[in-house]
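Participant: Just dropping this structure here.
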Amino acid sequence: MVKALVAALDERVRQAMTTALGVAAQRVDPLIRPSDHADFQANGVLPLAKSLKADPRQLAAKVAQALAADELITSCEVAGPGFLNLTVADSAISTQVAARLGDPRLGVPPADTDNVAVIDYSQPNIAKEMHVGHLRSTVIGDALVRLLEFTGTKVIRQNHLGDWGTQFGMLIQYLVEHPELRAHAEGESGSEAISRLNALYRDSRARFDNDPEFADRARRRVVALQAGDRETLEGWREIVAESKVYFEDVYDRLRVLLVDEDAVGESFYNPFLTEVAEDLERRGIAVRSDGALCVFFDDVLGPDGNPVPLIVQKSDGGFGYAATDLAAIRYRVQTLGANRILYVVDSRQALHFKMVFETARRAGYLPGAVEAVHVAFGSVLGPDGKPFKTRAGDTVRLISLLNEAVEHARRTVEAKNPSLDPALLPRRADEVGIGAVKYADLSTSRTRDYIFDLDRMVSLNGNTSVYLQYAHARIRSILRKLPADAANAGVHARLELAPAERRLAMLLDQFGATTQAVVESLEPHRLCGYLYAVAQAFTDFYESCPVLKAPSEAVRDNRVALCRLTGDTLRLGLESLGIAAPEQL
Ligand code: ARG
C-alpha cells in the first residue's frame, strides 16, 4: 500500500511546525492542498497564527526554515499572508508512480474495516413501469456500492421494492378472473413482461372504476392477501415474479450489481408493522388523531400552520409507506448490523425521510451511533426543461430509452472508427451507450436536475464517459505498439520530469483521496470530475511528451509507466462508477 504525496507532506510539515513553533502547533492540521502556485500549498499556519495572535508570515518563515530540503521537498517558500508553497522532488513523484503501478488497487489502502452500510436503492414498484427516477436511484446507488466497497466498507444492498399495497387486490382479482392472462412463455423478455403487466394494470383499473361488484371482490382480495390466503398469495407471487423479469432485464442492460437476494421489498416488513405501531403508541411516541396513529414534530408544519404528522397507521387500520420504513430501520440496525443507512431516493421525499428518521431516533430504533442519510437526487428533465415524459405525457419506457442510447452510441463509434471490426460493434455500442447514460447522471451534482440529452451524452468532447473511454482505449493502443520488453519496464526515479509529466503523475496520486471524498460526501460527480481532469492532463502530456519516439529509452520507460498508470486509473475509476472501459474503440 502506498502513502499519497499529500499524506507524506502532511507528516513532514506537521513535524516542522512542531519543531519550529512548539507545543502550540501540535495537532494543528497543516492543511496541505494541491496548488496552482506550486505543487502544494500548506495553509495551516494561518489559523494557528490567529489563535496565537502572532504574525503569520513570521511563523511561516520559521516553519520554512525547519523544512530543510530532503528527498521529498525541494523547496519551500512563504507566500501571501503566510502560506507555504511546496515543491516536491521529481524523484519522489516518480517513486509514487512506480509504487502504484501494477497494483489492482493502484496502491490505495482500504480505509475502514468494520463499517457496515445498508444501501436502499433502485426500489421500483411491482406491476409498474420503472421511470427515470428509478434509473437515477439505480445508477447512483450502484456507483456508491462499488465505491464504498472499494474503500473497505461492508455493503448490504437492499432493493426496497414497492411490492405491497391495496392495488394488489384489484390486480390479483383480475388475474384470477382472467386465467388467459396468466400463461406466459418461458424465457419471456423484460419488455414482454412489462407490456403484459401494463395491460393487466390498465384493464383491472378500468374494471375497478366501472364495476362496483368487481371493486368489492378486489377489496376482499386485499383482506385475503393480508390474511395470507393461499390462492391470493399465489397470484401475488406471480405478479411479483413477472415484474422481476422486467426489472432484471433493465438491471442486466445497466450492468448493475443488484441480484434477486437484494430484493427485500415492502412486503417483507408486513409481519412487523403491528408490533411497531403498538410499540410507538404504548411509549407515547405516536398518538391517535382522528383515528389515525400519528407522530408530530415541532418543526413540521403545513401551509396553514398546523402540524403535519407522520401517519404510522391509517384510521381504517391499514399501514402505509411510513410504517414500513420504520420497521425497515429496526431490521437494518438490529438484524443487519448497519452503522450507516443510505436511502438513494428522489429529493421530493425529503420530508418523509426527515420524519421517519426523527421518529426512529425517538424510538431508539436508530441509535446515536448509527447514521441515516437521505441521499437525495434531483429530477430528470426533458429537452423542454419539464419533467421527462413522452409526447403523450406517459412515463418514458426505460428499455426503449436505453436502446436509443445504444443506437446513438453505435453511430458515434462507427463514425469515429470506421475500421472497427463489425463483429465488435454491438458490444462497443452497448458499452458506450449505457456508459453514457450512467455517466451523464453521475457527473452532475446529485441534487441538481438535469436534461436528458442523448446527443450531449454520447459526445466525444467534454466531460462524458465517451471521452474517458476513448482516452483509455488510446492509451491501451499506445501500449500495444511498444516492443514487448518495453511494455513493463520499470521507472527511473533519478530522471528529471517535464512539467506535463509532473502534473499528470501528481494527479494520479490523488485517486485514493478522491474515492475517499466520494464515500464521505456521497457525491459520485467528484470522481467524474477527477477522471475528466486525468484524461485532460494525459492529453497535455501526450502532446508535449512523445512516448514511442521518446529521446531515450529511460525517458520512454518513465512515460510508458505514466501511460499505464493513467490507463489503469481511468479503468478503475470508470469501473467504480459501473462503466465499462473497453481495450479498443
Ligand atoms: N418505491 C418508492 C418509489 O417508487 C421508493 C422507495 C424508497 N425507499 C424507501 N425505503 N422508502 O417512490
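Going by the C-alpha cells order, chains are called A, B, ..., each with residues numbered from 1, while ligands are numbered from 1 in the order shown.
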Report as a count of residues only all protein, DNA and RNA residues lying within 8 Å of A:Ala500, evaluated on only C-alpha atoms, omitting residues in the same chain fewer than 5 positions from it.
Facilitator: 5
Participant: Distance table requested - chain A against ligand 1, cut-off 10 Å, only C-alpha atoms and all ligand atoms: one row per qualifying residue with the closest atom pair and its distance in Å to one decimal, ordered by chain and rising residue number, as CSV.
Facilitator:
```
residue,atom,partner,partner_atom_place_in_ligand_line,distance
A:Ile119,CA,ligand 1,10 (N),9.5
A:Asp120,CA,ligand 1,8 (N),6.2
A:Tyr121,CA,ligand 1,8 (N),6.7
A:Ser122,CA,ligand 1,5 (C),7.6
A:Gln123,CA,ligand 1,1 (N),4.7
A:Pro124,CA,ligand 1,4 (O),5.2
A:Asn125,CA,ligand 1,1 (N),5.3
A:Ile126,CA,ligand 1,1 (N),8.8
A:Lys128,CA,ligand 1,4 (O),9.6
A:Met130,CA,ligand 1,4 (O),8.2
A:His131,CA,ligand 1,4 (O),8.5
A:Gly133,CA,ligand 1,4 (O),7.9
A:His134,CA,ligand 1,4 (O),6.8
A:Ser137,CA,ligand 1,7 (C),9.1
A:Gln158,CA,ligand 1,10 (N),8.9
A:Asn159,CA,ligand 1,8 (N),8.1
A:His160,CA,ligand 1,8 (N),5.5
A:Leu161,CA,ligand 1,1 (N),5.8
A:Gly162,CA,ligand 1,1 (N),4.6
A:Asp163,CA,ligand 1,1 (N),8.4
A:Gly265,CA,ligand 1,1 (N),8.8
A:Glu266,CA,ligand 1,10 (N),8.2
A:Tyr321,CA,ligand 1,11 (N),6.9
A:Ala322,CA,ligand 1,11 (N),7.8
A:Thr324,CA,ligand 1,10 (N),7.9
A:Asp325,CA,ligand 1,10 (N),5.5
A:Leu326,CA,ligand 1,10 (N),9.0
A:Ala328,CA,ligand 1,10 (N),7.5
A:Ile329,CA,ligand 1,10 (N),8.8
A:Leu342,CA,ligand 1,10 (N),9.3
A:Tyr343,CA,ligand 1,8 (N),6.3
A:Val344,CA,ligand 1,7 (C),7.3
A:Val345,CA,ligand 1,7 (C),5.6
A:Asp346,CA,ligand 1,12 (O),7.6
A:Arg348,CA,ligand 1,12 (O),9.4
A:Gln349,CA,ligand 1,12 (O),8.1
A:His352,CA,ligand 1,11 (N),8.4
A:Phe353,CA,ligand 1,11 (N),7.8
A:Val356,CA,ligand 1,11 (N),9.5
A:His374,CA,ligand 1,8 (N),9.6
```
Participant: Please identify which residues in stretch 60-296 of chain A DSSP calls strand (DSSP E) from the backbone, and express them as a ChimeraX atom specification.
Facilitator: /A:73-79,83-88,116-120,154-158,287-289,292-295
Participant: Using only C-alpha atoms, can you tell me which of A:Val491, A:Leu424, A:Leu565, A:Ala554 comes closest to A:Pro582?
Facilitator: A:Leu424
Participant: Within 8 Å of A:Ile579, counting only C-alpha atoms, which residues show up once you throw out same-chain ones fewer than 6 positions away? Write them as an MDAnalysis selection string, please.
Facilitator: chainID A and resid 431 434:435 438:439
Participant: Using N, CA, C and O atoms, can you export the residues from the last selection as a CSV table (one decimal), in the first residue's frame?
Facilitator:
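What ended up in out39.csv:
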```csv
chain,number,residue,atom,x,y,z
A,431,GLU,N,-21.5,-0.8,-24.6
A,431,GLU,CA,-20.7,-0.2,-23.5
A,431,GLU,C,-20.6,1.3,-23.5
A,431,GLU,O,-20.7,1.9,-22.5
A,434,ILE,N,-24.7,2.7,-22.8
A,434,ILE,CA,-25.1,2.5,-21.4
A,434,ILE,C,-24.2,3.4,-20.5
A,434,ILE,O,-24.7,4.0,-19.6
A,435,GLY,N,-22.9,3.3,-20.8
A,435,GLY,CA,-22.0,4.1,-20.0
A,435,GLY,C,-22.4,5.6,-20.1
A,435,GLY,O,-22.3,6.3,-19.1
A,438,LYS,N,-25.3,6.4,-17.8
A,438,LYS,CA,-24.9,6.4,-16.4
A,438,LYS,C,-24.1,7.6,-16.1
A,438,LYS,O,-24.3,8.2,-15.0
A,439,TYR,N,-23.1,7.9,-16.9
A,439,TYR,CA,-22.1,8.9,-16.6
A,439,TYR,C,-22.8,10.3,-16.6
A,439,TYR,O,-22.5,11.1,-15.7
```
Participant: List as a ChimeraX atom specification the protein and nucleic acid residues near stretch 191-206 of chain A, meaning an atom at most 12 Å away when only C-alpha atoms are counted, but skip any in the same chain fewer than 5 places from it.
Facilitator: /A:125-130,167-186,211-212,214-215,217-218,238-250,395,397-400,403
Participant: Kindly give the distance, in Å, that separates atom CA of A:Arg411 and atom CA of A:Leu258, rounded to a single decimal.
Facilitator: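 Between these atoms lies a distance of 29.7 Å.
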Participant: Of the residues A:Leu531, A:Ile478, A:Val6, A:Ala224, which is the one nearest to A:Leu574, using only C-alpha atoms?
Facilitator: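 Closest residue, counting only C-alpha atoms: A:Leu531.
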Participant: With only C-alpha atoms as the counted atoms, please give the residues lying no more than 7 Å from stretch 14-25 of chain A, apart from itself and same-chain residues fewer than 2 positions off, as a list in words.
Facilitator: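 These residues fall inside the cut-off: Asp10, Glu11, Arg12, Arg27, Val28, Pro30, Lys62, Val63, Ala66 and Leu67 of chain A.
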Participant: What are the DSSP helix (DSSP H, G or I) residues of stretch 210-385 of chain A, as an MDAnalysis selection string?
Facilitator: chainID A and resid 210 212:226 230:254 260:262 266:282 321:334 347:363
Participant: Provide the atom CA of A:Leu9 to atom CA of A:Leu497 distance in Å, to one decimal place.
Facilitator: 19.6 Å
